[in-house]
Protein chains: 4
Amino acid sequence: MNAFGQSLLPGAAHQLFDDAALCRAFLDFESALAEAQASEGLIPVEAAEAIAAACAATQLDAHTLAGEARHGGAMAVPLVAMIAATLEQREEAHAVRYLHFGATTQDVVDTAQVLMTKQALAQLLAPLEQCITLLRDQAARHARTPMLARTLLQPAQIMSWGLKCASWLQPLQRSHAHLLALAEQALVLQLGGATGNQSALGEAGERIAARMAKQLGLGHAPSSWHTQRDAWLRFGLEVAVLMGSLSKIAKDLALLSQAEVGEVSEGAGASTAPNGSARGGSSAMPHKRNPVACMQAIAACAQGPGIAATLLSTMAQAHERGLGEWQAEVAVWPQLWIQAFGATSAVRDALSGLQVDTARMTRNIDNLQGLVHSEALTQALAAAVGKKPARARIQALGPLALSSETPLLQLLLTDTCVQALPEGPRTALQATLAAACDLDLVTEPSARLCKRLLEENHL
Amino acid sequence: MNAFGQSLLPGAAHQLFDDAALCRAFLDFESALAEAQASEGLIPVEAAEAIAAACAATQLDAHTLAGEARHGGAMAVPLVAMIAATLEQREEAHAVRYLHFGATTQDVVDTAQVLMTKQALAQLLAPLEQCITLLRDQAARHARTPMLARTLLQPAQIMSWGLKCASWLQPLQRSHAHLLALAEQALVLQLGGATGNQSALGEAGERIAARMAKQLGLGHAPSSWHTQRDAWLRFGLEVAVLMGSLSKIAKDLALLSQAEVGEVSEGAGASTAPNGSARGGSSAMPHKRNPVACMQAIAACAQGPGIAATLLSTMAQAHERGLGEWQAEVAVWPQLWIQAFGATSAVRDALSGLQVDTARMTRNIDNLQGLVHSEALTQALAAAVGKKPARARIQALGPLALSSETPLLQLLLTDTCVQALPEGPRTALQATLAAACDLDLVTEPSARLCKRLLEENHL
Amino acid sequence: MNAFGQSLLPGAAHQLFDDAALCRAFLDFESALAEAQASEGLIPVEAAEAIAAACAATQLDAHTLAGEARHGGAMAVPLVAMIAATLEQREEAHAVRYLHFGATTQDVVDTAQVLMTKQALAQLLAPLEQCITLLRDQAARHARTPMLARTLLQPAQIMSWGLKCASWLQPLQRSHAHLLALAEQALVLQLGGATGNQSALGEAGERIAARMAKQLGLGHAPSSWHTQRDAWLRFGLEVAVLMGSLSKIAKDLALLSQAEVGEVSEGAGASTAPNGSARGGSSAMPHKRNPVACMQAIAACAQGPGIAATLLSTMAQAHERGLGEWQAEVAVWPQLWIQAFGATSAVRDALSGLQVDTARMTRNIDNLQGLVHSEALTQALAAAVGKKPARARIQALGPLALSSETPLLQLLLTDTCVQALPEGPRTALQATLAAACDLDLVTEPSARLCKRLLEENHL
Amino acid sequence: MNAFGQSLLPGAAHQLFDDAALCRAFLDFESALAEAQASEGLIPVEAAEAIAAACAATQLDAHTLAGEARHGGAMAVPLVAMIAATLEQREEAHAVRYLHFGATTQDVVDTAQVLMTKQALAQLLAPLEQCITLLRDQAARHARTPMLARTLLQPAQIMSWGLKCASWLQPLQRSHAHLLALAEQALVLQLGGATGNQSALGEAGERIAARMAKQLGLGHAPSSWHTQRDAWLRFGLEVAVLMGSLSKIAKDLALLSQAEVGEVSEGAGASTAPNGSARGGSSAMPHKRNPVACMQAIAACAQGPGIAATLLSTMAQAHERGLGEWQAEVAVWPQLWIQAFGATSAVRDALSGLQVDTARMTRNIDNLQGLVHSEALTQALAAAVGKKPARARIQALGPLALSSETPLLQLLLTDTCVQALPEGPRTALQATLAAACDLDLVTEPSARLCKRLLEENHL
């Protein structure tokens, strides 16, 4: 990924699944395999010790690994050759024949992918938990701060900013819980041998696998999963779902940040970059304050559905090892996590410095002259004059309220349909109509729901 | 979907999510809403009774519903008008104002989708459970039936047909369990009102929702989920994962069915269709026996990744109701279930009549002259002569075995590298080499794993 | 597709690729095949006449076709049987053996798909051409109507509404031209026989194909294209590109329609639907005026990328007929066209009644107090005081202009950095600064570009 | 991309779109912009010369560029700062204010992408042309080499290996032609300024753009294309189509390479890698000869549909610059070309060393005992005994031929249905039946078509 791609992601993103992590994981696998086999008496203890020491001492050359695997098709061949070379240099050639014993390329590559994914999950959870905390704080603080609810990009009724934040919060909490639960089934060792049945390991296979898994900090699947990758995919798809939930937050924030709406804006962050440029500044338009973090989140999330489709399309892996499908899955998988880490970090950035203009929220409500209370006004009026006439009257007065910049309530209170009522019902109706437009009262259902959501859900 | 698309699916598929189901669900929603509101004192009991009776009596005209919703954009408007017309015909006009009270189009459409999805899940689980049973039977019966394991579409080593079936089985069992678990969170009522906060229902909102959910046989979410659709998507993605697992089975079966492999074939099913055509017959080639069920499964599964991508891409639903994203999700969702039902039924069909040619499995092994035992032979030889020489020898003799149609074991027993050993080690080595090629012994690890998988996993 | 899906599409959409069209195309194929073969002497003229008459007389039962093809896997088998039954009823059994001679299921299914696609193209081009005309009209009329250009959802500089329309227009014109050009290569007969080489037709194959193609109003490919479907896919992908271009128009219109922006709105269309509901009305919020056509366009376009991915993923069709990949492509293809027709019609609807509020466009500019002229003001100031000081000054005054609701120009003219200049340069600078904020002058580049685009591009 | 991903791609792939190419293109853009502006009198010639010299002298630090763009959101800001720093070091500070004049970040980033894509196209065309040559050679040499045609993975009839190659060839030739044609419209300069209308460049804008385009070796679009990216997408989608066509070749080759089919195999390439491993060798199974190049092609092509979906989904770029959609497109685009280059190179590798076993092709035909001639035999028999009896007889004798390992022709010649005929018709029929099974005759239609395809299509 070149500098443009990197500029959309946190600086730490490029270390996820990089060559250093891959090579470390390769060596950890071979070392743990030998040690587990020695513990079960399958290979000599001295051989395992020599292999572990050689793995610790070997500096794998990723470029050469790639080059030889490109030629031969099997990454384990040059990997084993490099460790064997170390063994020979260390005069431990006796151990070479026990290297990688009973394992296959897919075992070491899949396990390395799992190990790197475990790190990626930890990286991802940090900003995700920050998002959750930030949203809980906003929701708690603003449970009764009125703002426009908008449907089909049009103002609809009143909700609260706190409820909006509490609503964004729910899917993040659910994804957090699902990621942890699915990790149990997905972050597991791969050890199947040539065709998945551990045939070279004999009856000790299960025990070796259990030891290795423990040593590597991984779970232990009931069998190898060379071509049965549903648990792995399910885990990845949860990441794609998280990206979907994040994309909604970023989109909403960007819409609220429009100059014409102006209810929130991303903070300026550290006031200046090293070269003096302001966050969100434009090279051509000095006045611009762009929602950069939202942009980065949306750019990252835009890649989720396509990656998910590619991963799903690789599931038809032929027989006991796919021809290309497996390799494609392994090659694409890192992008999912890298972009998800980017998206989560970007939403965290957007939320952490968020400037919320509650006065503008109220002004945007007021600008609509009370039309957003139409449903409640119609209901109140309908109780007095019937549903159809009520609806017709509200529809007639709405445009007038806007064009005359007069609150709909004011028009309604003096409208003939109300004035024509006898005094008692009229006074009662007028009170009901006024209550329907009282922002405090109207925000109450949102405040109630907001609080309930905060109580029910905790990490 | 025209007759071509229908020809790839079970006959029952076209009833999933059809107009009859949709209209029934619409009416059930409105009826349950009124009844729950009456129980909570929000509307008069007589109104609720009148509405329930009208819903029972109304024959919705789906074509008109579509036409008016196309014009107005909101499906609930013509729906409510049609029920109101029934009320008026039944001289229950008093109840009209209580119809659809406090609800919005998305409430009734989403809940209808949930109700239809609940039916689709039931439809899907039936053939899925049959697949599981059929695979368990094959696995139990053939735990030690040897067959070639194949990697990268090349023969690799020996496994058993039972293990292959047990391996196919695992993801189906996992998907079955996940579908049931996720259904708890996904098959829930939608009732949020205009903007999701149940503002028109007052404090009774939660209780009304709980009553409605119970009445409709659905779960009850902590809040409405108009634009927080992660639980819904997660459920759908599990269906896509299932399709991925099914596509692998269908692909493997089709590969094994190739005339040149010939290890399995789809049964002929009912011997003839009404017009006398045989299952899998060709219009141009009377001798053909095509794997029709596998074809149907693959055709259905091919649609999974694209549908999943579309669904994921709709998650960024703006504010309190998406502009197009929600509608796209609702429109695409049925395809996921219809194709999954098709795929599951087709795999069930393929498995239920499957003809397994175990003799051909053995013949295909024999044709390779023992090259598939190379790993074990190399290991055995390496213990006697060292890893590199052993590997070199096996690589040299392999092609000779094939060209001379002589088993590799036979060549090896008489090879100088073996003959050169002293008698004791030679005899021992010869025994080890022979054991490495003994099909019974070689199948043992697969049989063991197969049995363990069958014991550990039960529905 | 149930009523909900239908409600997002034009009423005519459900006839595209429906059973009636499919059956008609099937019969046309068989009839044309027989006639062409008779003309080339391959079959008796009387047989061809009998077949043509039988095809004209046969009412295919799509349900039965689907059912038998589901069983047998080959649509042509029941199709031929039904025509044969007609022949027998008409006492023309002699012709049965010449029916479908030398053809295969894929020939008739693919050709039917081509024939239906030709109709779908015609359906699609009508609203597309209307969009082009509507946009040309808007662009011509509003070449110099100033409006905000917006980047990253923030106001940037000034453009014209005409240029915006002319920009939307370009991709539609290009897609129109590409669709017509690609149709030449894609709307071609399929006639390959069992395995694509027309082996049963002998040397007359090419001439028969040419005659058939002409009779059916189709082009004639250099060979059959059973599993080489690039020209077909390329045609379909152009439809997906068109949907992408339409989605941009719909999204822009929806953003401009936001109440807080208010620069355009969809017309109310026919004032009322049969039941009195207004276009874009809400069931819960009587005041709402939703951008229904934009919503429908976005909902349709959201399905494009996923469908394109599915189609592309079917290209690896094994050998001489794919196992499931071909069938999936055929099954999914109609969705592409139906949704594209829906999207194009919806954008046409949005544009045809579009209400453009040019006063609001100007007001939205004015509300920004001239900050959108920052680049030009900075350039002008930089010429007098240097780039960095100029930029710093503008960045300082911008927020003040907004908070004090005073035009930036006014602040700048009286700013010390300008006042400090000697009179001559000061006066010149003040004139330049004023010109930089003159809406007429500032709109000029957009007007010029708009006109050039209208001149250069014509259908 | 780590070593695993790299191992699936040619060594040269990682240079496509890398930081070196990106930085070079950035500097070329700024240099060409200044020179064109000086030529048109917009900026001083000395300034342009100083800028060009500074661009030549500047070593951009990609890591810093990414870091600052990540903070500020606009890549051009740090880019311009770095060039400005060089100008100041060279005591040419006077030119700083003319740097990047009238341009915006998207101009320089898009143009850099175009320049890198031009290089990627050249890289891609080389192996593509080699594939075309290799296939033409095979097709010419083997126009009449009989092999099984296979439909739905089952043997169908006879075709020739040459026709198979000629069929694979067609889409590659078409994609080659389309790539060149679309490059004209896609490899064009981006120069729109802040909002796409070149407002800062005045009337010279068009001429400046024309000069720049010529200087950079690019085409010149009628206007900037900041958010109208259809021509660009169309170009990219042709690459996705090419990948689809390549995936079919790779899949077919892999299927033909199965040990049980054995009609082709990938050559061993250079006999050994540096470490002695054979191409296609397995770490666990020394006898394996894996179709490594096909695997690499399939792994690369598997990513095409998902990438295409992502690119298409970014087309709804809001207003005059997208918020995230543009950035996602730019970030994902390189993957398309890198994977396509990988796929094309891998198919070239597979074809260039391909070992074709024509004897095995014949043996695989013979193993089917003539059942593949069923259509022709049925036709011949039908002429003598009627269509239904003929079909029934062939269907009855087919299984017998297989089980008795007797050619179907032989069974048929002595079958009662033939023997019952009078001598004259019988003799004639027997001759026709024999001709229907004559491999030379049967291959003739394929040979004819193969030759025609080779004649009609030339690069």
# chains A, B, ... in the order shown; residues from 1 in each chain; ligands from 1
>>> interface_residues(of="chain B", to="chain C", cutoff="6 Å", atoms="only C-alpha atoms", output="PyMOL selection string")
chain B and resi 2-3+5-8+18-19+62+66+69-73+77+104+194+279-281+283-284+292+295+298-299+303+306-307+309-310+323-325+327-328+331
>>> select_by_dssp(residues="region 132-294 of chain A", states="strand (DSSP E)", output="PyMOL selection string")
chain A and resi 146-151+154-160+264-265
>>> atom_distance(atom1="CA of Gln228 (chain D)", atom2="CA of Gln123 (chain C)")
24.5 Å
>>> residues_around(residues="Thr378 (chain A)", least_positions_apart="4", cutoff="7 Å", atoms="only C-alpha atoms", output="list in words")
Ser374, Ala382, Ala390, Arg391 and Ile394 of chain A
>>> write_last_selection(atoms="all heavy atoms", output="CSV table (one decimal), in the first residue's frame")
chain,number,residue,atom,x,y,z
A,374,SER,N,-46.0,17.9,13.6
A,374,SER,CA,-47.3,17.7,12.9
A,374,SER,C,-48.0,16.4,13.4
A,374,SER,O,-49.2,16.4,13.5
A,374,SER,CB,-47.0,17.5,11.4
A,374,SER,OG,-46.4,18.7,10.9
A,382,ALA,N,-57.2,15.7,15.7
A,382,ALA,CA,-58.1,14.6,15.3
A,382,ALA,C,-59.1,14.2,16.4
A,382,ALA,O,-60.3,13.9,16.1
A,382,ALA,CB,-57.3,13.4,14.8
A,390,ALA,N,-58.5,16.9,10.4
A,390,ALA,CA,-57.3,17.4,11.2
A,390,ALA,C,-56.1,17.3,10.2
A,390,ALA,O,-55.3,18.3,10.1
A,390,ALA,CB,-57.1,16.4,12.4
A,391,ARG,N,-56.0,16.2,9.5
A,391,ARG,CA,-54.8,16.0,8.6
A,391,ARG,C,-54.8,17.1,7.6
A,391,ARG,O,-53.8,17.7,7.2
A,391,ARG,CB,-54.9,14.6,8.0
A,391,ARG,CG,-53.6,14.2,7.3
A,391,ARG,CD,-53.4,12.7,7.2
A,391,ARG,NE,-52.2,12.5,6.5
A,391,ARG,CZ,-51.4,11.5,6.6
A,391,ARG,NH1,-51.7,10.6,7.5
A,391,ARG,NH2,-50.3,11.4,5.9
A,394,ILE,N,-53.7,20.5,9.0
A,394,ILE,CA,-52.3,20.6,9.2
A,394,ILE,C,-51.5,20.7,7.9
A,394,ILE,O,-50.6,21.5,7.8
A,394,ILE,CB,-51.8,19.3,10.0
A,394,ILE,CG1,-52.5,19.2,11.3
A,394,ILE,CG2,-50.3,19.4,10.2
A,394,ILE,CD1,-52.1,20.2,12.4
>>> residues_around(residues="region 204-208 of chain B", least_positions_apart="2", cutoff="7 Å", atoms="only C-alpha atoms", output="MDAnalysis selection string")
chainID B and resid 36:37 40 198 201:202 210:212
>>> select_by_dssp(residues="region 116-155 of chain D", states="helix (DSSP H, G or I)", output="number ranges by chain")
D: 116-141
>>> residues_around(residues="Arg452 (chain D)", least_positions_apart="5", cutoff="10 Å", atoms="only C-alpha atoms", output="PyMOL selection string")
(chain C and resi 222-223) or (chain D and resi 163+166+446-447+457)
>>> atom_distance(atom1="CA of Phe341 (chain B)", atom2="CA of Ile132 (chain B)")
14.7 Å
>>> closest_residue(among="B:Val264, B:Met315, B:Ala343, B:Leu237", to="Trp225 (chain B)", atoms="only C-alpha atoms")
B:Met315
>>> residues_around(residues="Gln157 (chain D)", least_positions_apart="6", cutoff="8 Å", atoms="only C-alpha atoms", output="PyMOL selection string")
(chain C and resi 194-195) or (chain D and resi 148-150+372-373)
>>> write_last_selection(atoms="N, CA and C atoms", output="mmCIF file, in the first residue's frame")
data_model
loop_
_atom_site.group_PDB
_atom_site.id
_atom_site.type_symbol
_atom_site.label_atom_id
_atom_site.label_comp_id
_atom_site.auth_asym_id
_atom_site.auth_seq_id
_atom_site.Cartn_x
_atom_site.Cartn_y
_atom_site.Cartn_z
ATOM 1 N N ALA C 194 -24.360 -28.917 -29.061
ATOM 2 C CA ALA C 194 -24.048 -29.552 -27.778
ATOM 3 C C ALA C 194 -22.799 -29.000 -27.123
ATOM 4 N N THR C 195 -21.751 -28.775 -27.870
ATOM 5 C CA THR C 195 -20.512 -28.353 -27.225
ATOM 6 C C THR C 195 -19.916 -27.112 -27.874
ATOM 7 N N LEU D 148 -11.910 -34.596 -25.651
ATOM 8 C CA LEU D 148 -13.287 -34.542 -25.161
ATOM 9 C C LEU D 148 -13.713 -33.104 -24.921
ATOM 10 N N ALA D 149 -14.864 -32.752 -25.430
ATOM 11 C CA ALA D 149 -15.556 -31.568 -24.924
ATOM 12 C C ALA D 149 -16.321 -32.013 -23.689
ATOM 13 N N ARG D 150 -16.398 -31.124 -22.715
ATOM 14 C CA ARG D 150 -17.053 -31.505 -21.454
ATOM 15 C C ARG D 150 -18.056 -30.430 -21.064
ATOM 16 N N VAL D 372 -19.812 -40.680 -26.398
ATOM 17 C CA VAL D 372 -19.822 -39.259 -26.763
ATOM 18 C C VAL D 372 -20.318 -39.035 -28.189
ATOM 19 N N HIS D 373 -20.429 -40.108 -28.951
ATOM 20 C CA HIS D 373 -20.990 -39.951 -30.293
ATOM 21 C C HIS D 373 -22.502 -40.148 -30.291
#
>>> atom_distance(atom1="CA of Arg348 (chain B)", atom2="CA of Gln317 (chain A)")
19.4 Å
>>> closest_residue(among="A:Leu312, A:Ala420, A:Ile51, A:Val261", to="Asp230 (chain A)", atoms="only C-alpha atoms")
A:Leu312
>>> decode(residues="region 1-17 of chain C", atoms="N, CA, C and O atoms", output="tab-separated table (two decimals), in the first residue's frame")
chain	number	residue	atom	x	y	z
C	1	MET	N	-40.46	-11.18	-7.13
C	1	MET	CA	-40.35	-9.94	-6.37
C	1	MET	C	-41.72	-9.53	-5.85
C	1	MET	O	-42.66	-9.43	-6.62
C	2	ASN	N	-41.81	-9.35	-4.55
C	2	ASN	CA	-43.12	-9.03	-3.99
C	2	ASN	C	-43.44	-7.54	-4.11
C	2	ASN	O	-42.67	-6.77	-4.68
C	3	ALA	N	-44.60	-7.17	-3.57
C	3	ALA	CA	-45.09	-5.81	-3.77
C	3	ALA	C	-44.14	-4.76	-3.23
C	3	ALA	O	-44.09	-3.65	-3.76
C	4	PHE	N	-43.39	-5.09	-2.17
C	4	PHE	CA	-42.47	-4.08	-1.68
C	4	PHE	C	-41.39	-3.78	-2.73
C	4	PHE	O	-41.14	-2.62	-3.06
C	5	GLY	N	-40.77	-4.84	-3.24
C	5	GLY	CA	-39.78	-4.64	-4.30
C	5	GLY	C	-40.38	-3.92	-5.50
C	5	GLY	O	-39.76	-3.03	-6.08
C	6	GLN	N	-41.59	-4.32	-5.88
C	6	GLN	CA	-42.25	-3.69	-7.03
C	6	GLN	C	-42.51	-2.21	-6.78
C	6	GLN	O	-42.51	-1.41	-7.71
C	7	SER	N	-42.73	-1.85	-5.51
C	7	SER	CA	-43.06	-0.45	-5.23
C	7	SER	C	-41.88	0.48	-5.45
C	7	SER	O	-42.04	1.70	-5.50
C	8	LEU	N	-40.70	-0.09	-5.58
C	8	LEU	CA	-39.50	0.73	-5.81
C	8	LEU	C	-39.22	0.90	-7.29
C	8	LEU	O	-38.29	1.62	-7.67
C	9	LEU	N	-40.01	0.23	-8.13
C	9	LEU	CA	-39.71	0.15	-9.57
C	9	LEU	C	-40.89	0.66	-10.38
C	9	LEU	O	-42.02	0.66	-9.90
C	10	PRO	N	-40.64	1.06	-11.62
C	10	PRO	CA	-41.76	1.45	-12.48
C	10	PRO	C	-42.69	0.25	-12.69
C	10	PRO	O	-42.26	-0.90	-12.65
C	11	GLY	N	-43.93	0.54	-12.94
C	11	GLY	CA	-44.90	-0.53	-13.15
C	11	GLY	C	-44.51	-1.47	-14.29
C	11	GLY	O	-44.76	-2.66	-14.23
C	12	ALA	N	-43.84	-0.91	-15.30
C	12	ALA	CA	-43.48	-1.73	-16.47
C	12	ALA	C	-42.33	-2.68	-16.17
C	12	ALA	O	-42.05	-3.59	-16.97
C	13	ALA	N	-41.65	-2.50	-15.05
C	13	ALA	CA	-40.44	-3.28	-14.79
C	13	ALA	C	-40.72	-4.77	-14.70
C	13	ALA	O	-39.90	-5.59	-15.09
C	14	HIS	N	-41.89	-5.11	-14.17
C	14	HIS	CA	-42.09	-6.54	-13.93
C	14	HIS	C	-42.32	-7.33	-15.22
C	14	HIS	O	-42.33	-8.55	-15.20
C	15	GLN	N	-42.49	-6.62	-16.33
C	15	GLN	CA	-42.63	-7.35	-17.59
C	15	GLN	C	-41.30	-7.71	-18.23
C	15	GLN	O	-41.22	-8.56	-19.10
C	16	LEU	N	-40.26	-7.02	-17.77
C	16	LEU	CA	-38.94	-7.34	-18.32
C	16	LEU	C	-38.54	-8.75	-17.89
C	16	LEU	O	-38.59	-9.07	-16.71
C	17	PHE	N	-38.16	-9.56	-18.83
C	17	PHE	CA	-37.67	-10.92	-18.56
C	17	PHE	C	-38.73	-11.79	-17.89
C	17	PHE	O	-38.39	-12.73	-17.19
